[in-house]
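J.: For reference, this is run-v2.cif, and it has mmCIF, C-alpha atoms.
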data_target
loop_
_atom_site.group_PDB
_atom_site.id
_atom_site.type_symbol
_atom_site.label_atom_id
_atom_site.label_comp_id
_atom_site.auth_asym_id
_atom_site.auth_seq_id
_atom_site.Cartn_x
_atom_site.Cartn_y
_atom_site.Cartn_z
ATOM 1 C CA MET Q 1 6.399 -77.391 4.788
ATOM 2 C CA ALA Q 2 5.040 -74.304 6.367
ATOM 3 C CA LEU Q 3 6.310 -71.026 4.955
ATOM 4 C CA LYS Q 4 5.941 -67.877 6.976
ATOM 5 C CA LYS Q 5 5.484 -64.577 5.273
ATOM 6 C CA ARG Q 6 7.152 -61.553 6.744
ATOM 7 C CA LEU Q 7 4.875 -58.590 6.311
ATOM 8 C CA LYS Q 8 6.136 -56.430 9.108
ATOM 9 C CA ALA Q 9 5.517 -52.773 8.571
ATOM 10 C CA GLU Q 10 8.322 -50.612 9.874
ATOM 11 C CA ALA Q 11 7.067 -47.768 12.030
ATOM 12 C CA GLY Q 12 10.163 -45.563 11.736
ATOM 13 C CA PHE Q 13 10.433 -41.916 10.805
ATOM 14 C CA SER Q 14 13.315 -40.482 8.861
ATOM 15 C CA MET Q 15 14.390 -37.098 10.236
ATOM 16 C CA SER Q 16 16.805 -36.317 7.417
ATOM 17 C CA SER Q 17 14.180 -34.753 5.167
ATOM 18 C CA MET Q 18 12.772 -32.751 8.089
ATOM 19 C CA THR Q 19 16.218 -31.388 8.989
ATOM 20 C CA ASP Q 20 16.761 -30.389 5.343
ATOM 21 C CA ILE Q 21 13.545 -28.371 5.380
ATOM 22 C CA ILE Q 22 14.392 -26.743 8.721
ATOM 23 C CA PHE Q 23 17.870 -25.863 7.464
ATOM 24 C CA LEU Q 24 16.461 -24.293 4.280
ATOM 25 C CA LEU Q 25 13.920 -22.267 6.276
ATOM 26 C CA LEU Q 26 16.629 -21.082 8.654
ATOM 27 C CA LEU Q 27 18.829 -20.076 5.736
ATOM 28 C CA PHE Q 28 15.929 -18.233 4.092
ATOM 29 C CA PHE Q 29 15.101 -16.225 7.228
ATOM 30 C CA ILE Q 30 18.742 -15.326 7.848
ATOM 31 C CA MET Q 31 19.095 -14.056 4.289
ATOM 32 C CA ALA Q 32 15.765 -12.215 4.398
ATOM 33 C CA SER Q 33 16.582 -10.477 7.676
ATOM 34 C CA THR Q 34 19.894 -9.139 6.372
ATOM 35 C CA MET Q 35 18.294 -7.948 3.141
ATOM 36 C CA SER Q 36 15.455 -6.064 4.838
ATOM 37 C CA SER Q 37 17.432 -3.008 5.948
ATOM 38 C CA PRO Q 38 20.911 -2.925 4.431
ATOM 39 C CA ASN Q 39 20.932 0.887 4.159
ATOM 40 C CA ASP Q 40 20.259 1.782 7.773
ATOM 41 C CA ILE Q 41 22.183 4.663 9.224
ATOM 42 C CA LYS Q 42 23.654 3.813 12.601
ATOM 43 C CA LEU Q 43 22.348 6.392 15.072
ATOM 44 C CA ASN Q 44 22.486 6.479 18.833
ATOM 45 C CA LEU Q 45 19.214 8.269 19.593
ATOM 46 C CA PRO Q 46 18.593 9.927 22.949
ATOM 47 C CA GLU Q 47 16.087 8.267 25.258
ATOM 48 C CA SER Q 48 12.617 9.523 26.111
ATOM 49 C CA ARG Q 49 9.714 8.291 28.229
ATOM 50 C CA ALA Q 50 7.095 9.501 25.764
ATOM 51 C CA SER Q 51 5.743 6.980 23.303
ATOM 52 C CA SER Q 52 4.363 8.541 20.160
ATOM 53 C CA SER Q 53 4.707 7.694 16.504
ATOM 54 C CA THR Q 54 3.960 9.370 13.204
ATOM 55 C CA ARG Q 55 2.257 7.637 10.345
ATOM 56 C CA SER Q 56 2.843 9.980 7.411
ATOM 57 C CA VAL Q 57 6.307 11.413 7.107
ATOM 58 C CA ALA Q 58 7.126 13.642 4.142
ATOM 59 C CA ALA Q 59 10.846 13.798 4.886
ATOM 60 C CA LYS Q 60 13.103 11.929 7.273
ATOM 61 C CA VAL Q 61 16.236 13.895 8.170
ATOM 62 C CA SER Q 62 19.013 11.894 9.834
ATOM 63 C CA ILE Q 63 22.206 13.327 11.275
ATOM 64 C CA ASP Q 64 24.815 10.729 12.172
ATOM 65 C CA GLY Q 65 27.574 10.989 14.767
ATOM 66 C CA ASN Q 66 29.982 12.506 12.231
ATOM 67 C CA GLY Q 67 27.598 15.362 11.359
ATOM 68 C CA ARG Q 68 26.603 13.988 7.943
ATOM 69 C CA TYR Q 69 23.055 14.709 6.780
ATOM 70 C CA PHE Q 70 20.836 12.085 5.175
ATOM 71 C CA VAL Q 71 17.348 12.802 3.822
ATOM 72 C CA ALA Q 72 14.737 10.273 2.699
ATOM 73 C CA LYS Q 73 11.131 10.560 1.619
ATOM 74 C CA GLY Q 74 8.895 8.158 3.539
ATOM 75 C CA THR Q 75 10.533 4.729 3.531
ATOM 76 C CA ALA Q 76 12.827 5.419 0.578
ATOM 77 C CA ARG Q 77 16.571 4.960 0.688
ATOM 78 C CA PRO Q 78 18.325 7.875 2.454
ATOM 79 C CA THR Q 79 20.454 10.223 0.362
ATOM 80 C CA GLN Q 80 23.476 11.989 1.806
ATOM 81 C CA ILE Q 81 23.388 15.729 1.168
ATOM 82 C CA ALA Q 82 25.467 18.754 2.050
ATOM 83 C CA PRO Q 83 24.192 20.873 4.966
ATOM 84 C CA GLU Q 84 23.862 23.896 2.654
ATOM 85 C CA MET Q 85 21.467 21.985 0.387
ATOM 86 C CA LEU Q 86 19.265 20.747 3.251
ATOM 87 C CA GLU Q 87 16.597 23.453 3.035
ATOM 88 C CA SER Q 88 16.051 23.206 -0.725
ATOM 89 C CA TYR Q 89 16.036 19.402 -0.604
ATOM 90 C CA ILE Q 90 13.426 19.327 2.174
ATOM 91 C CA MET Q 91 11.262 21.866 0.361
ATOM 92 C CA ASP Q 92 11.383 19.769 -2.829
ATOM 93 C CA LEU Q 93 10.219 16.705 -0.877
ATOM 94 C CA VAL Q 94 7.459 18.609 0.908
ATOM 95 C CA ALA Q 95 6.241 20.123 -2.384
ATOM 96 C CA GLN Q 96 5.708 16.600 -3.756
ATOM 97 C CA ASP Q 97 3.551 15.518 -0.819
ATOM 98 C CA SER Q 98 0.608 17.145 0.945
ATOM 99 C CA THR Q 99 1.678 15.880 4.387
ATOM 100 C CA THR Q 100 4.253 18.234 5.809
ATOM 101 C CA TYR Q 101 5.807 16.216 8.613
ATOM 102 C CA ILE Q 102 9.557 16.053 9.055
ATOM 103 C CA ALA Q 103 11.038 13.353 11.272
ATOM 104 C CA LEU Q 104 14.412 14.341 12.724
ATOM 105 C CA HIS Q 105 16.671 11.452 13.696
ATOM 106 C CA ALA Q 106 19.774 12.995 15.281
ATOM 107 C CA ASP Q 107 22.575 11.109 17.009
ATOM 108 C CA GLN Q 108 22.926 12.099 20.650
ATOM 109 C CA GLN Q 109 26.636 12.844 20.207
ATOM 110 C CA ILE Q 110 26.285 15.629 17.607
ATOM 111 C CA ALA Q 111 26.474 19.333 18.339
ATOM 112 C CA TYR Q 112 23.206 21.031 19.232
ATOM 113 C CA LYS Q 113 23.652 23.559 16.399
ATOM 114 C CA GLU Q 114 23.058 20.769 13.850
ATOM 115 C CA VAL Q 115 19.645 20.055 15.363
ATOM 116 C CA VAL Q 116 18.839 23.775 15.517
ATOM 117 C CA ARG Q 117 19.571 24.057 11.780
ATOM 118 C CA VAL Q 118 16.761 21.604 10.998
ATOM 119 C CA LEU Q 119 14.469 23.211 13.578
ATOM 120 C CA ASP Q 120 15.005 26.622 11.951
ATOM 121 C CA ILE Q 121 14.165 25.269 8.493
ATOM 122 C CA ALA Q 122 10.941 23.726 9.810
ATOM 123 C CA ASN Q 123 10.035 26.919 11.683
ATOM 124 C CA GLN Q 124 10.698 29.233 8.703
ATOM 125 C CA HIS Q 125 8.461 27.175 6.402
ATOM 126 C CA LYS Q 126 5.858 26.358 9.073
ATOM 127 C CA LEU Q 127 6.453 22.621 8.800
ATOM 128 C CA LYS Q 128 5.574 20.147 11.526
ATOM 129 C CA LEU Q 129 8.658 18.496 13.001
ATOM 130 C CA VAL Q 130 8.929 15.336 15.079
ATOM 131 C CA VAL Q 131 12.143 14.597 16.961
ATOM 132 C CA ALA Q 132 12.835 10.860 17.061
ATOM 133 C CA THR Q 133 14.032 9.226 20.269
ATOM 134 C CA LYS Q 134 14.327 5.674 21.434
ATOM 135 C CA GLY Q 135 11.834 4.738 24.142
ATOM 136 C CA SER Q 136 13.106 3.900 27.583
ATOM 137 C CA GLY Q 137 10.364 1.336 28.136
ATOM 138 C CA LYS Q 138 9.152 2.869 31.416
#
Would it be possible to restate this file's structure as structure tokens?
T.:
Amino acid sequence: MALKKRLKAEAGFSMSSMTDIIFLLLLFFIMASTMSSPNDIKLNLPESRASSSTRSVAAKVSIDGNGRYFVAKGTARPTQIAPEMLESYIMDLVAQDSTTYIALHADQQIAYKEVVRVLDIANQHKLKLVVATKGSGK
């Protein structure tokens, strides 16, 4: 009696473990992207053709569409302040750092007098000011 042995190796590939890994990676990147900038201030910046960037910013002044002022040092979380306290707050930040750049991020819908207020503070204290715009890509 001749007995045959079945030693067939199955050449299949199970995709279930691969899809689990892909799903976990997708979930990780979705969570990481929402956690990266949860404190952004929504601004509609005016457009410009110039492309320039600053590397060392002592203070970042943001004015949103409702006229609220936010100030942050470098990449720190922005703090909302009253317009009357803007000058003293900026001077405190500049005193802590030797770089005296101020980046002004102003919504395009606000009144021009709000921008002039920050420009006057920078001019009085001889600070360098950079007005942020979004590039037009041209």
J.: Which is closest to Val71 of chain Q among Q:Ala95, Q:Leu127, Q:Ala103, Q:Met15, if we use only C-alpha atoms?
T.: Q:Ala103
J.: Mind checking which residues fall within 12 Å of Glu84 of chain Q, counting all atoms listed in the file, ignoring those fewer than 3 positions away in the same chain, and posting them as a PDB file with C-alpha atoms, in the coordinates of the input?
T.:
ATOM      1  CA  ARG Q  68      26.603  13.988   7.943  1.00  0.00           C
ATOM      2  CA  TYR Q  69      23.055  14.709   6.780  1.00  0.00           C
ATOM      3  CA  GLN Q  80      23.476  11.989   1.806  1.00  0.00           C
ATOM      4  CA  ILE Q  81      23.388  15.729   1.168  1.00  0.00           C
ATOM      5  CA  GLU Q  87      16.597  23.453   3.035  1.00  0.00           C
ATOM      6  CA  SER Q  88      16.051  23.206  -0.725  1.00  0.00           C
ATOM      7  CA  TYR Q  89      16.036  19.402  -0.604  1.00  0.00           C
ATOM      8  CA  ILE Q  90      13.426  19.327   2.174  1.00  0.00           C
ATOM      9  CA  GLU Q 114      23.058  20.769  13.850  1.00  0.00           C
ATOM     10  CA  ARG Q 117      19.571  24.057  11.780  1.00  0.00           C
ATOM     11  CA  VAL Q 118      16.761  21.604  10.998  1.00  0.00           C
ATOM     12  CA  ILE Q 121      14.165  25.269   8.493  1.00  0.00           C
TER      13      ILE Q 121
END
J.: Write out as a PyMOL selection string the residues lying within 12 Å of Gly67 of chain Q, counting all atoms listed in the file and excluding same-chain residues fewer than 4 positions away.
T.: chain Q and resi 43+61-63+80-83+105-115+117
J.: Could you jot down the atom CA of Lys60 of chain Q to atom CA of Leu104 of chain Q separation for me, Å, one decimal place?
T.: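 Separation of atom CA of Lys60 of chain Q and atom CA of Leu104 of chain Q: 6.1 Å.
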J.: Calculate how many Å separate atom CA of Gly74 of chain Q from atom CA of Ala32 of chain Q, rounding to one decimal.
T.: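 Between atom CA of Gly74 of chain Q and atom CA of Ala32 of chain Q the gap is 21.5 Å.
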J.: Any idea what the distance is between atom CA of Leu27 of chain Q and atom CA of Arg77 of chain Q?
T.: 25.6 Å
